[in-house]
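Structure file final-v6.pdb (PDB, C-alpha atoms) is printed below.
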ATOM      1  CA  MET A   1     -11.797  -3.394 -17.679
ATOM      2  CA  LEU A   2      -8.524  -4.871 -16.422
ATOM      3  CA  ALA A   3      -7.414  -5.664 -19.959
ATOM      4  CA  ARG A   4      -7.638  -1.993 -20.950
ATOM      5  CA  LEU A   5      -5.466  -0.726 -18.141
ATOM      6  CA  HIS A   6      -1.948  -1.212 -19.422
ATOM      7  CA  HIS A   7      -0.007   1.886 -18.419
ATOM      8  CA  PRO A   8       1.822   1.210 -15.137
ATOM      9  CA  TYR A   9       1.663   4.829 -13.972
ATOM     10  CA  LEU A  10      -2.116   4.912 -14.435
ATOM     11  CA  LEU A  11      -2.340   1.711 -12.418
ATOM     12  CA  LEU A  12      -0.249   3.287  -9.666
ATOM     13  CA  VAL A  13      -2.380   6.445  -9.564
ATOM     14  CA  LEU A  14      -5.567   4.385  -9.268
ATOM     15  CA  THR A  15      -3.990   2.196  -6.608
ATOM     16  CA  THR A  16      -3.038   5.248  -4.568
ATOM     17  CA  LEU A  17      -6.565   6.619  -4.904
ATOM     18  CA  PHE A  18      -8.048   3.348  -3.640
ATOM     19  CA  TRP A  19      -5.608   3.171  -0.740
ATOM     20  CA  SER A  20      -6.213   6.802   0.210
ATOM     21  CA  GLY A  21      -9.907   5.983   0.499
ATOM     22  CA  ASN A  22      -8.932   2.997   2.596
ATOM     23  CA  MET A  23      -7.051   5.161   5.093
ATOM     24  CA  VAL A  24      -9.881   7.692   5.341
ATOM     25  CA  LEU A  25     -12.442   4.933   5.747
ATOM     26  CA  GLY A  26     -10.306   3.005   8.211
ATOM     27  CA  ARG A  27     -10.327   5.963  10.563
ATOM     28  CA  ALA A  28     -14.014   6.707   9.953
ATOM     29  CA  ILE A  29     -15.227   3.248  11.001
ATOM     30  CA  ARG A  30     -12.577   2.405  13.596
ATOM     31  CA  ASN A  31     -15.128   2.590  16.417
ATOM     32  CA  GLU A  32     -17.477   0.191  14.610
ATOM     33  CA  VAL A  33     -14.961  -2.211  13.093
ATOM     34  CA  PRO A  34     -11.883  -3.252  15.131
ATOM     35  CA  PRO A  35      -8.583  -3.316  13.171
ATOM     36  CA  LEU A  36      -8.039  -7.073  13.011
ATOM     37  CA  SER A  37     -11.669  -7.655  12.027
ATOM     38  CA  LEU A  38     -11.351  -5.097   9.235
ATOM     39  CA  ALA A  39      -8.130  -6.652   7.967
ATOM     40  CA  PHE A  40      -9.579 -10.186   8.037
ATOM     41  CA  TRP A  41     -12.846  -9.426   6.242
ATOM     42  CA  ARG A  42     -11.160  -7.110   3.763
ATOM     43  CA  TRP A  43      -9.034 -10.011   2.559
ATOM     44  CA  ALA A  44     -11.839 -12.560   2.768
ATOM     45  CA  ILE A  45     -13.810 -10.420   0.299
ATOM     46  CA  ALA A  46     -10.761  -9.934  -1.909
ATOM     47  CA  LEU A  47     -10.204 -13.709  -1.989
ATOM     48  CA  LEU A  48     -13.796 -14.351  -3.066
ATOM     49  CA  LEU A  49     -13.287 -11.941  -5.964
ATOM     50  CA  THR A  50      -9.949 -13.460  -6.921
ATOM     51  CA  LEU A  51     -10.802 -17.175  -6.817
ATOM     52  CA  PRO A  52     -12.991 -17.353  -9.973
ATOM     53  CA  LEU A  53     -10.102 -15.828 -11.938
ATOM     54  CA  ALA A  54      -7.410 -17.863 -10.206
ATOM     55  CA  LEU A  55      -8.784 -21.408 -10.009
ATOM     56  CA  PRO A  56      -8.675 -22.132 -13.779
ATOM     57  CA  HIS A  57      -4.881 -21.769 -13.598
ATOM     58  CA  LEU A  58      -4.322 -23.772 -10.421
ATOM     59  CA  ARG A  59      -3.888 -27.260 -11.922
ATOM     60  CA  SER A  60      -1.484 -26.272 -14.692
ATOM     61  CA  GLN A  61       0.581 -23.834 -12.623
ATOM     62  CA  TRP A  62       0.600 -25.620  -9.289
ATOM     63  CA  PRO A  63       4.167 -26.959  -9.835
ATOM     64  CA  LEU A  64       5.453 -23.396 -10.356
ATOM     65  CA  LEU A  65       3.580 -22.170  -7.293
ATOM     66  CA  ARG A  66       4.853 -25.028  -5.157
ATOM     67  CA  ARG A  67       8.425 -24.498  -6.353
ATOM     68  CA  GLY A  68       8.244 -20.850  -5.279
ATOM     69  CA  TRP A  69       6.451 -21.514  -1.995
ATOM     70  CA  LYS A  70       9.012 -19.610   0.117
ATOM     71  CA  ALA A  71       8.432 -16.390  -1.845
ATOM     72  CA  VAL A  72       4.651 -16.937  -1.794
ATOM     73  CA  VAL A  73       4.569 -17.395   1.968
ATOM     74  CA  SER A  74       6.876 -14.432   2.609
ATOM     75  CA  LEU A  75       4.967 -12.068   0.315
ATOM     76  CA  GLY A  76       1.606 -13.234   1.652
ATOM     77  CA  LEU A  77       2.683 -12.558   5.229
ATOM     78  CA  LEU A  78       4.150  -9.149   4.364
ATOM     79  CA  GLY A  79       1.665  -7.739   1.848
ATOM     80  CA  VAL A  80      -1.604  -9.311   2.997
ATOM     81  CA  GLY A  81      -1.128 -10.295   6.613
ATOM     82  CA  GLY A  82       1.210  -7.457   7.532
ATOM     83  CA  TYR A  83       1.008  -3.925   6.164
ATOM     84  CA  ASN A  84      -2.686  -3.051   6.399
ATOM     85  CA  THR A  85      -3.139  -4.872   9.683
ATOM     86  CA  LEU A  86      -0.293  -2.928  11.272
ATOM     87  CA  ALA A  87      -1.564   0.340   9.768
ATOM     88  CA  TYR A  88      -5.136  -0.246  11.004
ATOM     89  CA  VAL A  89      -3.811  -0.896  14.502
ATOM     90  CA  GLY A  90      -1.560   2.161  14.373
ATOM     91  CA  LEU A  91      -4.383   4.461  13.283
ATOM     92  CA  ASN A  92      -6.203   3.637  16.503
ATOM     93  CA  TYR A  93      -3.434   5.238  18.572
ATOM     94  CA  THR A  94      -1.645   7.922  16.580
ATOM     95  CA  PRO A  95      -2.796  11.317  15.262
ATOM     96  CA  ALA A  96      -3.421  11.595  11.529
ATOM     97  CA  THR A  97      -0.449  13.974  11.059
ATOM     98  CA  ASN A  98       1.995  11.451  12.473
ATOM     99  CA  ALA A  99       0.453   8.563  10.540
ATOM    100  CA  VAL A 100       0.541  10.278   7.146
ATOM    101  CA  LEU A 101       4.060  11.564   7.655
ATOM    102  CA  LEU A 102       5.358   8.160   8.703
ATOM    103  CA  ASN A 103       3.536   6.491   5.814
ATOM    104  CA  SER A 104       5.317   8.846   3.416
ATOM    105  CA  PHE A 105       8.619   7.256   4.407
ATOM    106  CA  ILE A 106       7.672   4.146   2.390
ATOM    107  CA  PRO A 107       9.436   5.306  -0.809
ATOM    108  CA  ILE A 108      12.578   6.151   1.143
ATOM    109  CA  ALA A 109      12.461   2.820   2.987
ATOM    110  CA  THR A 110      11.908   0.989  -0.309
ATOM    111  CA  ILE A 111      14.796   2.735  -2.034
ATOM    112  CA  THR A 112      17.071   2.031   0.955
ATOM    113  CA  LEU A 113      16.138  -1.648   1.077
ATOM    114  CA  SER A 114      16.474  -1.908  -2.713
ATOM    115  CA  TRP A 115      20.020  -0.606  -2.357
ATOM    116  CA  VAL A 116      20.755  -3.070   0.447
ATOM    117  CA  PHE A 117      19.229  -6.187  -1.108
ATOM    118  CA  LEU A 118      19.172  -5.493  -4.856
ATOM    119  CA  LYS A 119      22.131  -3.091  -5.224
ATOM    120  CA  LYS A 120      19.893  -0.656  -7.137
ATOM    121  CA  HIS A 121      20.700   3.041  -7.233
ATOM    122  CA  LEU A 122      18.759   6.084  -8.400
ATOM    123  CA  ARG A 123      20.188   8.678 -10.761
ATOM    124  CA  ARG A 124      20.825  12.083  -9.214
ATOM    125  CA  VAL A 125      17.783  13.633 -10.881
ATOM    126  CA  GLU A 126      15.653  10.739  -9.640
ATOM    127  CA  SER A 127      16.982  11.229  -6.118
ATOM    128  CA  LEU A 128      16.062  14.912  -6.405
ATOM    129  CA  GLY A 129      12.569  13.835  -7.458
ATOM    130  CA  VAL A 130      12.220  11.664  -4.355
ATOM    131  CA  LEU A 131      13.378  14.547  -2.161
ATOM    132  CA  LEU A 132      10.983  17.042  -3.767
ATOM    133  CA  SER A 133       8.093  14.638  -3.394
ATOM    134  CA  PHE A 134       8.864  14.049   0.272
ATOM    135  CA  VAL A 135       9.142  17.788   0.942
ATOM    136  CA  GLY A 136       5.697  18.139  -0.685
ATOM    137  CA  VAL A 137       4.262  15.565   1.695
ATOM    138  CA  ALA A 138       5.900  17.280   4.673
ATOM    139  CA  THR A 139       4.483  20.637   3.517
ATOM    140  CA  ILE A 140       0.968  19.216   3.564
ATOM    141  CA  VAL A 141       1.119  17.356   6.864
ATOM    142  CA  CYS A 142       2.870  20.274   8.598
ATOM    143  CA  ARG A 143       0.418  22.790   7.114
ATOM    144  CA  GLY A 144       3.269  24.824   5.730
ATOM    145  CA  GLN A 145       4.836  25.228   9.188
ATOM    146  CA  PHE A 146       7.942  23.050   9.251
ATOM    147  CA  ALA A 147       8.486  23.860  12.924
ATOM    148  CA  THR A 148       5.685  21.326  13.451
ATOM    149  CA  LEU A 149       8.209  18.568  12.733
ATOM    150  CA  ALA A 150      10.138  19.428  15.889
ATOM    151  CA  SER A 151       7.039  18.858  18.016
ATOM    152  CA  LEU A 152       6.257  15.404  16.641
ATOM    153  CA  SER A 153       6.961  12.593  19.085
ATOM    154  CA  LEU A 154       6.694   8.848  18.628
ATOM    155  CA  ASN A 155       3.990   6.954  20.507
ATOM    156  CA  VAL A 156       2.902   3.333  20.319
ATOM    157  CA  GLY A 157       0.759   4.068  17.269
ATOM    158  CA  ASP A 158       3.750   5.591  15.488
ATOM    159  CA  LEU A 159       5.746   2.441  16.165
ATOM    160  CA  TRP A 160       2.968   0.345  14.612
ATOM    161  CA  MET A 161       3.005   2.642  11.567
ATOM    162  CA  LEU A 162       6.788   2.390  11.259
ATOM    163  CA  ALA A 163       6.469  -1.386  11.329
ATOM    164  CA  ALA A 164       3.839  -1.117   8.575
ATOM    165  CA  VAL A 165       6.133   1.118   6.502
ATOM    166  CA  PHE A 166       9.034  -1.321   6.501
ATOM    167  CA  THR A 167       6.701  -4.278   5.988
ATOM    168  CA  TRP A 168       5.362  -2.693   2.793
ATOM    169  CA  ALA A 169       8.869  -1.753   1.627
ATOM    170  CA  LEU A 170       9.963  -5.369   2.054
ATOM    171  CA  TYR A 171       6.875  -6.582   0.193
ATOM    172  CA  THR A 172       7.539  -4.208  -2.694
ATOM    173  CA  ILE A 173      11.136  -5.276  -3.247
ATOM    174  CA  GLY A 174      10.186  -8.895  -2.517
ATOM    175  CA  LEU A 175       7.981  -8.927  -5.617
ATOM    176  CA  GLN A 176      11.250  -9.316  -7.539
ATOM    177  CA  TRP A 177      11.283 -12.939  -6.379
ATOM    178  CA  ARG A 178       7.660 -13.883  -7.025
ATOM    179  CA  PRO A 179       7.379 -17.174  -8.950
ATOM    180  CA  ALA A 180       7.779 -16.562 -12.673
ATOM    181  CA  GLY A 181       5.111 -17.851 -15.037
ATOM    182  CA  VAL A 182       2.308 -17.878 -12.451
ATOM    183  CA  ASP A 183      -0.875 -16.062 -13.455
ATOM    184  CA  PRO A 184      -1.242 -12.809 -11.456
ATOM    185  CA  MET A 185      -4.694 -13.788 -10.197
ATOM    186  CA  LEU A 186      -3.453 -17.151  -8.957
ATOM    187  CA  LEU A 187      -0.506 -15.445  -7.293
ATOM    188  CA  LEU A 188      -2.739 -12.897  -5.578
ATOM    189  CA  ALA A 189      -5.031 -15.704  -4.398
ATOM    190  CA  ALA A 190      -2.041 -17.565  -2.964
ATOM    191  CA  PHE A 191      -0.814 -14.432  -1.155
ATOM    192  CA  THR A 192      -4.301 -13.858   0.218
ATOM    193  CA  VAL A 193      -4.707 -17.414   1.503
ATOM    194  CA  VAL A 194      -1.378 -17.129   3.324
ATOM    195  CA  GLY A 195      -2.346 -13.756   4.793
ATOM    196  CA  LEU A 196      -5.749 -14.958   5.940
ATOM    197  CA  LEU A 197      -4.236 -18.012   7.622
ATOM    198  CA  ALA A 198      -1.951 -15.666   9.549
ATOM    199  CA  LEU A 199      -4.778 -13.242  10.380
ATOM    200  CA  ALA A 200      -7.293 -15.878  11.527
ATOM    201  CA  PRO A 201      -5.756 -16.513  14.996
ATOM    202  CA  ALA A 202      -5.332 -12.762  15.572
ATOM    203  CA  TYR A 203      -8.948 -12.157  14.533
ATOM    204  CA  ALA A 204     -10.131 -14.904  16.898
ATOM    205  CA  TRP A 205      -8.100 -13.333  19.728
ATOM    206  CA  GLU A 206      -9.706  -9.936  19.056
ATOM    207  CA  ILE A 207     -13.180 -11.475  19.265
ATOM    208  CA  ALA A 208     -12.206 -13.222  22.507
ATOM    209  CA  GLN A 209     -11.284  -9.795  23.905
ATOM    210  CA  GLY A 210     -14.882  -8.673  23.300
ATOM    211  CA  ARG A 211     -14.050  -6.452  20.306
ATOM    212  CA  THR A 212     -16.601  -7.273  17.631
ATOM    213  CA  ILE A 213     -18.048  -5.520  14.593
ATOM    214  CA  ALA A 214     -20.972  -3.175  15.238
ATOM    215  CA  VAL A 215     -23.086  -4.279  12.280
ATOM    216  CA  SER A 216     -24.708  -1.402  10.406
ATOM    217  CA  PRO A 217     -25.142  -0.389   6.754
ATOM    218  CA  GLY A 218     -22.188   1.979   7.138
ATOM    219  CA  SER A 219     -19.809  -0.568   8.636
ATOM    220  CA  LEU A 220     -20.768  -3.254   6.107
ATOM    221  CA  ALA A 221     -20.361  -0.832   3.190
ATOM    222  CA  GLY A 222     -16.981   0.210   4.563
ATOM    223  CA  ILE A 223     -15.778  -3.382   4.821
ATOM    224  CA  ALA A 224     -17.029  -4.075   1.282
ATOM    225  CA  TYR A 225     -15.104  -1.082  -0.073
ATOM    226  CA  THR A 226     -11.845  -2.196   1.553
ATOM    227  CA  GLY A 227     -12.220  -5.663   0.030
ATOM    228  CA  VAL A 228     -13.124  -4.644  -3.515
ATOM    229  CA  PHE A 229     -11.009  -1.548  -4.195
ATOM    230  CA  PRO A 230      -7.886  -1.352  -2.010
ATOM    231  CA  GLY A 231      -7.874  -5.103  -1.336
ATOM    232  CA  PHE A 232      -8.572  -6.665  -4.744
ATOM    233  CA  LEU A 233      -8.066  -4.037  -7.440
ATOM    234  CA  GLY A 234      -5.347  -2.152  -5.566
ATOM    235  CA  TYR A 235      -3.090  -5.177  -5.228
ATOM    236  CA  VAL A 236      -3.708  -6.370  -8.796
ATOM    237  CA  PHE A 237      -2.743  -2.946 -10.135
ATOM    238  CA  TYR A 238       0.228  -2.450  -7.800
ATOM    239  CA  ASN A 239       1.757  -5.887  -8.384
ATOM    240  CA  ARG A 240       1.543  -5.440 -12.140
ATOM    241  CA  ALA A 241       3.008  -1.925 -12.054
ATOM    242  CA  VAL A 242       5.933  -2.951  -9.830
ATOM    243  CA  GLY A 243       6.765  -5.663 -12.343
ATOM    244  CA  GLU A 244       7.016  -3.029 -15.097
ATOM    245  CA  VAL A 245       8.650   0.013 -13.474
ATOM    246  CA  GLY A 246      10.455  -1.456 -10.455
ATOM    247  CA  ALA A 247      10.038  -1.100  -6.721
ATOM    248  CA  SER A 248      11.658   2.332  -6.228
ATOM    249  CA  LYS A 249       9.588   4.193  -8.813
ATOM    250  CA  ALA A 250       6.356   2.411  -7.905
ATOM    251  CA  SER A 251       6.710   3.222  -4.214
ATOM    252  CA  LEU A 252       7.157   6.932  -5.005
ATOM    253  CA  PHE A 253       3.508   7.100  -6.045
ATOM    254  CA  LEU A 254       2.525   6.528  -2.417
ATOM    255  CA  HIS A 255       3.365  10.203  -1.944
ATOM    256  CA  LEU A 256       0.089  10.861  -3.766
ATOM    257  CA  MET A 257      -1.871   9.601  -0.780
ATOM    258  CA  PRO A 258      -1.935  12.985   1.018
ATOM    259  CA  VAL A 259      -3.032  14.589  -2.273
ATOM    260  CA  PHE A 260      -5.966  12.238  -2.680
ATOM    261  CA  GLY A 261      -6.662  12.521   1.037
ATOM    262  CA  ILE A 262      -7.156  16.267   0.600
ATOM    263  CA  ILE A 263      -9.436  15.745  -2.391
ATOM    264  CA  LEU A 264     -11.539  13.102  -0.638
ATOM    265  CA  SER A 265     -11.809  15.262   2.470
ATOM    266  CA  ALA A 266     -12.985  18.201   0.365
ATOM    267  CA  ILE A 267     -15.639  16.059  -1.337
ATOM    268  CA  PHE A 268     -16.950  14.100   1.633
ATOM    269  CA  LEU A 269     -16.094  16.323   4.600
ATOM    270  CA  ALA A 270     -16.444  19.771   2.979
ATOM    271  CA  GLU A 271     -12.917  20.705   4.082
ATOM    272  CA  ILE A 272     -11.558  23.570   1.938
ATOM    273  CA  PRO A 273      -7.918  23.135   0.761
ATOM    274  CA  GLN A 274      -5.465  25.801   1.939
ATOM    275  CA  SER A 275      -2.510  27.397   0.130
ATOM    276  CA  TYR A 276      -0.012  24.959   1.654
ATOM    277  CA  HIS A 277      -2.033  22.079   0.189
ATOM    278  CA  TYR A 278      -1.551  23.446  -3.322
ATOM    279  CA  GLY A 279       2.166  24.035  -2.715
ATOM    280  CA  GLY A 280       2.649  20.520  -1.402
ATOM    281  CA  ILE A 281       0.732  18.985  -4.302
ATOM    282  CA  ALA A 282       2.893  20.926  -6.803
ATOM    283  CA  LEU A 283       6.088  19.611  -5.171
ATOM    284  CA  ILE A 284       4.763  16.034  -5.144
ATOM    285  CA  PHE A 285       3.909  16.089  -8.837
ATOM    286  CA  ALA A 286       7.257  17.728  -9.669
ATOM    287  CA  GLY A 287       9.066  14.978  -7.784
ATOM    288  CA  ILE A 288       7.112  12.204  -9.477
ATOM    289  CA  TYR A 289       7.765  13.792 -12.887
ATOM    290  CA  LEU A 290      11.529  13.964 -12.296
ATOM    291  CA  THR A 291      11.649  10.370 -11.127
ATOM    292  CA  THR A 292       9.455   8.821 -13.825
ATOM    293  CA  ALA A 293      10.414  10.927 -16.838
ATOM    294  CA  THR A 294      14.116  10.121 -16.759
ATOM    295  CA  PRO A 295      15.672   7.358 -18.898
ATOM    296  CA  PRO A 296      15.726   3.999 -17.118
ATOM    297  CA  GLN A 297      18.920   2.838 -15.500
ATOM    298  CA  THR A 298      21.000   0.126 -17.102
ATOM    299  CA  ARG A 299      20.103  -3.051 -15.306
ATOM    300  CA  THR A 300      22.741  -5.393 -13.995
ATOM    301  CA  PRO A 301      22.302  -8.809 -15.591
TER     302      PRO A 301
END
Spell out the structure here as structure tokens.
Amino acid sequence: MLARLHHPYLLLVLTTLFWSGNMVLGRAIRNEVPPLSLAFWRWAIALLLTLPLALPHLRSQWPLLRRGWKAVVSLGLLGVGGYNTLAYVGLNYTPATNAVLLNSFIPIATITLSWVFLKKHLRRVESLGVLLSFVGVATIVCRGQFATLASLSLNVGDLWMLAAVFTWALYTIGLQWRPAGVDPMLLLAAFTVVGLLALAPAYAWEIAQGRTIAVSPGSLAGIAYTGVFPGFLGYVFYNRAVGEVGASKASLFLHLMPVFGIILSAIFLAEIPQSYHYGGIALIFAGIYLTTATPPQTRTP
């Protein structure tokens, strides 16, 4: 299946779908599965799926992995140990409107950090695409009433989400420095091991606080989903796509998360989309089209 998925934009769409399900599920089971427990077991499952594909490459590519250990550790802490853990914690304290809106700042944060660290700039039409896409997200989360923005206030959950946003932006641009020549499965396994080592003490602290998983078929199925789809497949697809289209364009696809959130809510929660949903979706797709359909920029050697 993985061998047939070559188009980076298809990979990004699927990744966004998986991660949208992750956000919906994370809120649904937050009373049964504490955030650090969910983050730890999500990545434990993902590692079990990755190891059979990664271990055959370990002996031959270990020198490359060891040479790039600084990048491996940094990316493992950011992408595996950081973003989802911070987001899961934030979703326990902030309303969904605030969380989705703050999460939609990831493309803007990524583009800003790409300019700071990589000196990369978007063409004017691409910048317009980013703006249109963001306005589409704002239309959805504000339900077509932009006065809602004035009433939003930051709370502790919002601060956790902002930390998650910039963590993911750093991870995305940091993929530029991943060790060259290392098999993607081995690289993902290395990131996951680093992330789990960082999460283990936090998970132990959460248990010591008396916050444990309420074991049930629903909670176990939810944990399994987060490990297989957003954890394993999502990161495989995203890492590969970023390598092909760059950090700025790849991060723009995260604006699809509210779109898929609406669709998933309609399917599983019987929530009927409103007119502002359709308007926001149209703006998001228009923005993605403008950004991805333009000729690529000349790269600085």
Please evaluate the PyMOL selection byres ((chain A and resi 259) around 9) against the displayed coordinates and give the resulting residues as a PyMOL selection string. chain A and resi 20+137+140+255-258+260-264+277+280-281+284
Restricted to C-alpha atoms, what would the selected residues look like written as a JSON list (two decimals), in the frame of the given file?
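The resulting file, out_5.json, is reproduced below:
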[["chain", "number", "residue", "atom", "x", "y", "z"],
["A", 20, "SER", "CA", -6.21, 6.80, 0.21],
["A", 137, "VAL", "CA", 4.26, 15.56, 1.70],
["A", 140, "ILE", "CA", 0.97, 19.22, 3.56],
["A", 255, "HIS", "CA", 3.36, 10.20, -1.94],
["A", 256, "LEU", "CA", 0.09, 10.86, -3.77],
["A", 257, "MET", "CA", -1.87, 9.60, -0.78],
["A", 258, "PRO", "CA", -1.94, 12.98, 1.02],
["A", 260, "PHE", "CA", -5.97, 12.24, -2.68],
["A", 261, "GLY", "CA", -6.66, 12.52, 1.04],
["A", 262, "ILE", "CA", -7.16, 16.27, 0.60],
["A", 263, "ILE", "CA", -9.44, 15.74, -2.39],
["A", 264, "LEU", "CA", -11.54, 13.10, -0.64],
["A", 277, "HIS", "CA", -2.03, 22.08, 0.19],
["A", 280, "GLY", "CA", 2.65, 20.52, -1.40],
["A", 281, "ILE", "CA", 0.73, 18.98, -4.30],
["A", 284, "ILE", "CA", 4.76, 16.03, -5.14]]
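Counting from atom CA of Pro52 of chain A, the distance to atom CA of Gly227 of chain A is 15.4 Å.
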I want to know what sits within 12 Å of Ser60 of chain A, based on only C-alpha atoms, with residues of the same chain fewer than 6 positions away left out; could you give that as a ChimeraX atom specification? /A:54,66,181-183,186
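Between Leu220 of chain A and the residues A:Val13, A:Leu38, A:Arg27, A:Ala46, the shortest atom-to-atom distance, using all atoms listed in the file, involves A:Leu38.
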For this structure, which residues satisfy the selection - the PyMOL selection byres ((chain A and resi 243-248) around 8) - when it is evaluated on the file as given? I want them as a PDB file with C-alpha atoms, in the frame of the given file.
ATOM      1  CA  PRO A   8       1.822   1.210 -15.137  1.00  0.00           C
ATOM      2  CA  PRO A 107       9.436   5.306  -0.809  1.00  0.00           C
ATOM      3  CA  THR A 110      11.908   0.989  -0.309  1.00  0.00           C
ATOM      4  CA  ILE A 111      14.796   2.735  -2.034  1.00  0.00           C
ATOM      5  CA  SER A 114      16.474  -1.908  -2.713  1.00  0.00           C
ATOM      6  CA  THR A 172       7.539  -4.208  -2.694  1.00  0.00           C
ATOM      7  CA  ILE A 173      11.136  -5.276  -3.247  1.00  0.00           C
ATOM      8  CA  LEU A 175       7.981  -8.927  -5.617  1.00  0.00           C
ATOM      9  CA  GLN A 176      11.250  -9.316  -7.539  1.00  0.00           C
ATOM     10  CA  ASN A 239       1.757  -5.887  -8.384  1.00  0.00           C
ATOM     11  CA  ARG A 240       1.543  -5.440 -12.140  1.00  0.00           C
ATOM     12  CA  ALA A 241       3.008  -1.925 -12.054  1.00  0.00           C
ATOM     13  CA  VAL A 242       5.933  -2.951  -9.830  1.00  0.00           C
ATOM     14  CA  LYS A 249       9.588   4.193  -8.813  1.00  0.00           C
ATOM     15  CA  ALA A 250       6.356   2.411  -7.905  1.00  0.00           C
ATOM     16  CA  SER A 251       6.710   3.222  -4.214  1.00  0.00           C
ATOM     17  CA  LEU A 252       7.157   6.932  -5.005  1.00  0.00           C
TER      18      LEU A 252
END
So how many Å separate atom CA of Ser37 of chain A and atom CA of Ala87 of chain A, to one decimal? 13.1 Å
Enclosing box along x, y and z for every listed atom of segment 105-122 of chain A, padded 3 Å each side, centre and size in Å, one decimal, as AutoDock Vina command-line options:
--center_x 14.9 --center_y 0.5 --center_z -2.0 --size_x 20.5 --size_y 19.4 --size_z 18.8
Could you check which of A:Pro217, A:Gly136, A:Gly157, A:Gly79 is closest to Gly174 of chain A, using all atoms listed in the file? A:Gly79
So that I can check the surroundings of Tyr83 of chain A, please list as a ChimeraX atom specification every protein, DNA and RNA residue that reaches within 12 Å of it, counting all atoms listed in the file and ignoring chain neighbours fewer than 5 positions away. /A:19,35-36,39,75-78,88-90,103,106,160-172,195,199,231
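For the choices A:Phe229, A:Tyr276, A:Trp115, A:Tyr289, the atom-to-atom distance to Thr16 of chain A is smallest for A:Phe229 when using all atoms listed in the file.
In this structure, atom CA of Leu47 of chain A sits 6.3 Å away from atom CA of Thr192 of chain A.
Using only C-alpha atoms, the smallest distance between any of A:Val33, A:Leu254, A:Ala189, A:Val236 and Pro56 of chain A comes from A:Ala189.
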Quick one: of A:Leu91, A:Ile207, A:Met185, A:Ala286, who's nearest to Ile29 of chain A, counting all atoms listed in the file?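 Using all atoms listed in the file, the shortest distance to Ile29 of chain A belongs to A:Leu91.
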Give as a PyMOL selection string every residue, naming chains and numbers as the document does, that has an atom within 9 Å of (-11.2, -2.4, 4.4), counting all atoms listed in the file. chain A and resi 22-23+25-26+38-43+84+222-231
Find, counting all atoms listed in the file, the residue in A:Leu58, A:Val116, A:Leu159, A:Leu290 that gets nearest to Ala190 of chain A. A:Leu58
